[in-house]
Amino acid sequence: MLSVAHVNHKLRGEEADEDERFVAKLARQHGLELHACVASVDGKQSSGKSSGKSSGKSSGVSSGIEAAARQLRYGFFRQLAREGRVTKIATAHTLDDQAETVLLRIFRGTGVRGLSGIHPRIVFGEQGHAFGELVRPLLSFRRAALQEFLRERGQSWREDSSNRDTAFLRNRVRHRLLPIIGEEFGDAAIEHMGELAEIARAEEEHWGRAHPEIRQGGGAAETRQAASLQVGRLSMLPLAAQRRLVRAWLETHMPNVSISFRLIEEALDMACGVAGGKLKLPGGWNLRRGREELLLELEPFGGRGETADYEYALALPGAVEVPELGARIEARVVDTGGVPEDERGELLDLARIPKEILIRNWRAGDRFQPAHTAAAKKVKELLTDRHATGAEKKLWPVAVAEGCGLIWMRGFAVPAAFQTPAGASKAIWIREVAGMM
């Protein structure tokens, strides 16, 4: 069944609200169900209503806001798919959007992966299980052709006024550079950039599927705070494969750090050097040359032997990035029957948990009582029993609810007082998800 999804980021005041009304009216005219969500970029999200509102992009007022808005928007799409309310979500990205993206990535510096541009299909899934997908069926059509198609049918549309602001780099590419390219080199030049993206995407798929030697895994050892890559294994590969393996290894362990061509080359130079070489990286990481391996190590916060406390508000349901962990914490409403038996002890009672909690690292004096234990214990003692040490121990995440104390602790059953009662069909599931979006 066809339906419509719309996210209002509240970035353009009345104009954004008018966009939402326009989409809602259009959905009603065609008798389509509307999934609407208000997700302001300040982190407050109210998801919603399933009845009559539809999907459109709201541009940000800066690249940072734009990225945050996109994360919220796609998070809402994933939620719709995860809950089974939709199976496919189609967006209206065009060939012009693809050409803009390819050019922007060239200007900012990119490899073959970046040249692949906007992908025509994104599969939504987790832990190897796919639950939906996002498709872009108009990616081979020019924007002008799409607009002409709508005019011929008497269908009006809405345009984001911020897309005309040439203070933003993408808009300068859109309104200044692409017209010049079209005039000087013909419309085929735009099509050729789309073809380049398809070629690059196929190259990436080939390397990912047909070259197991570049995948993160064999030859690499890891903990939460350190990882190693054997230089013997690395040196046996062709240069292109070496670069891809190093990129995959770094991205796996530093998901919140931008991996540049220069950084990859410095890592390869270090692999060819002698033991003892060291390179400071963003995010508190060090790259070091051991006797037979490259070592990626997370140094104590600020290099002072201390780790930083952190604390983030998390709306339920919702997700929050925790840079200190290089991960995000998600709180989802789930069907209890779909959760593996051995993990149901982590489910929280929907009726007992407030709409917002705090995710933070544990502090001295914190106590936690996992279900089926006789009494609350100091968190410090629980982690010692788990053999957690150093920064891993200090940064261990917990969730605090006002008036309730600690209600969740990574890797432990939740307290009996907050567990989902027998027979309940829905619950809150809080989990740490590796990597950041």
# chains A, B, ... in the order shown; residues from 1 in each chain; ligands from 1
call {"tool": "select_by_dssp", "arguments": {"residues": "segment 402-431 of chain A", "states": "strand (DSSP E or B)", "output": "list in words"}}
result
Gly405, Leu406, Ile407, Trp408, Met409, Gln419, Lys426, Ala427, Ile428, Trp429, Ile430 and Arg431 of chain A
call {"tool": "residues_around", "arguments": {"residues": "Arg288 of chain A", "least_positions_apart": "2", "cutoff": "10 Å", "atoms": "only C-alpha atoms", "output": "PyMOL selection string"}}
result
chain A and resi 228+267+270-271+275-280+285-286+290-291+293-297
call {"tool": "closest_residue", "arguments": {"among": "A:Asp165, A:Asp19, A:Glu402, A:Glu83", "to": "Arg352 of chain A", "atoms": "only C-alpha atoms"}}
result
A:Glu402
call {"tool": "residues_around", "arguments": {"residues": "Arg247 of chain A", "least_positions_apart": "2", "cutoff": "10 Å", "atoms": "only C-alpha atoms", "output": "list in words"}}
result
Ile214, Arg215, Gln216, Ala241, Gln242, Arg243, Arg244, Leu245, Trp249, Leu250, Glu251, Thr252, Ile259, Ser260, Phe261, Leu263, Ile264, Glu265 and Ala267 of chain A
call {"tool": "atom_distance", "arguments": {"atom1": "atom CA of Pro255 of chain A", "atom2": "atom CA of Val334 of chain A"}}
result
26.6 Å
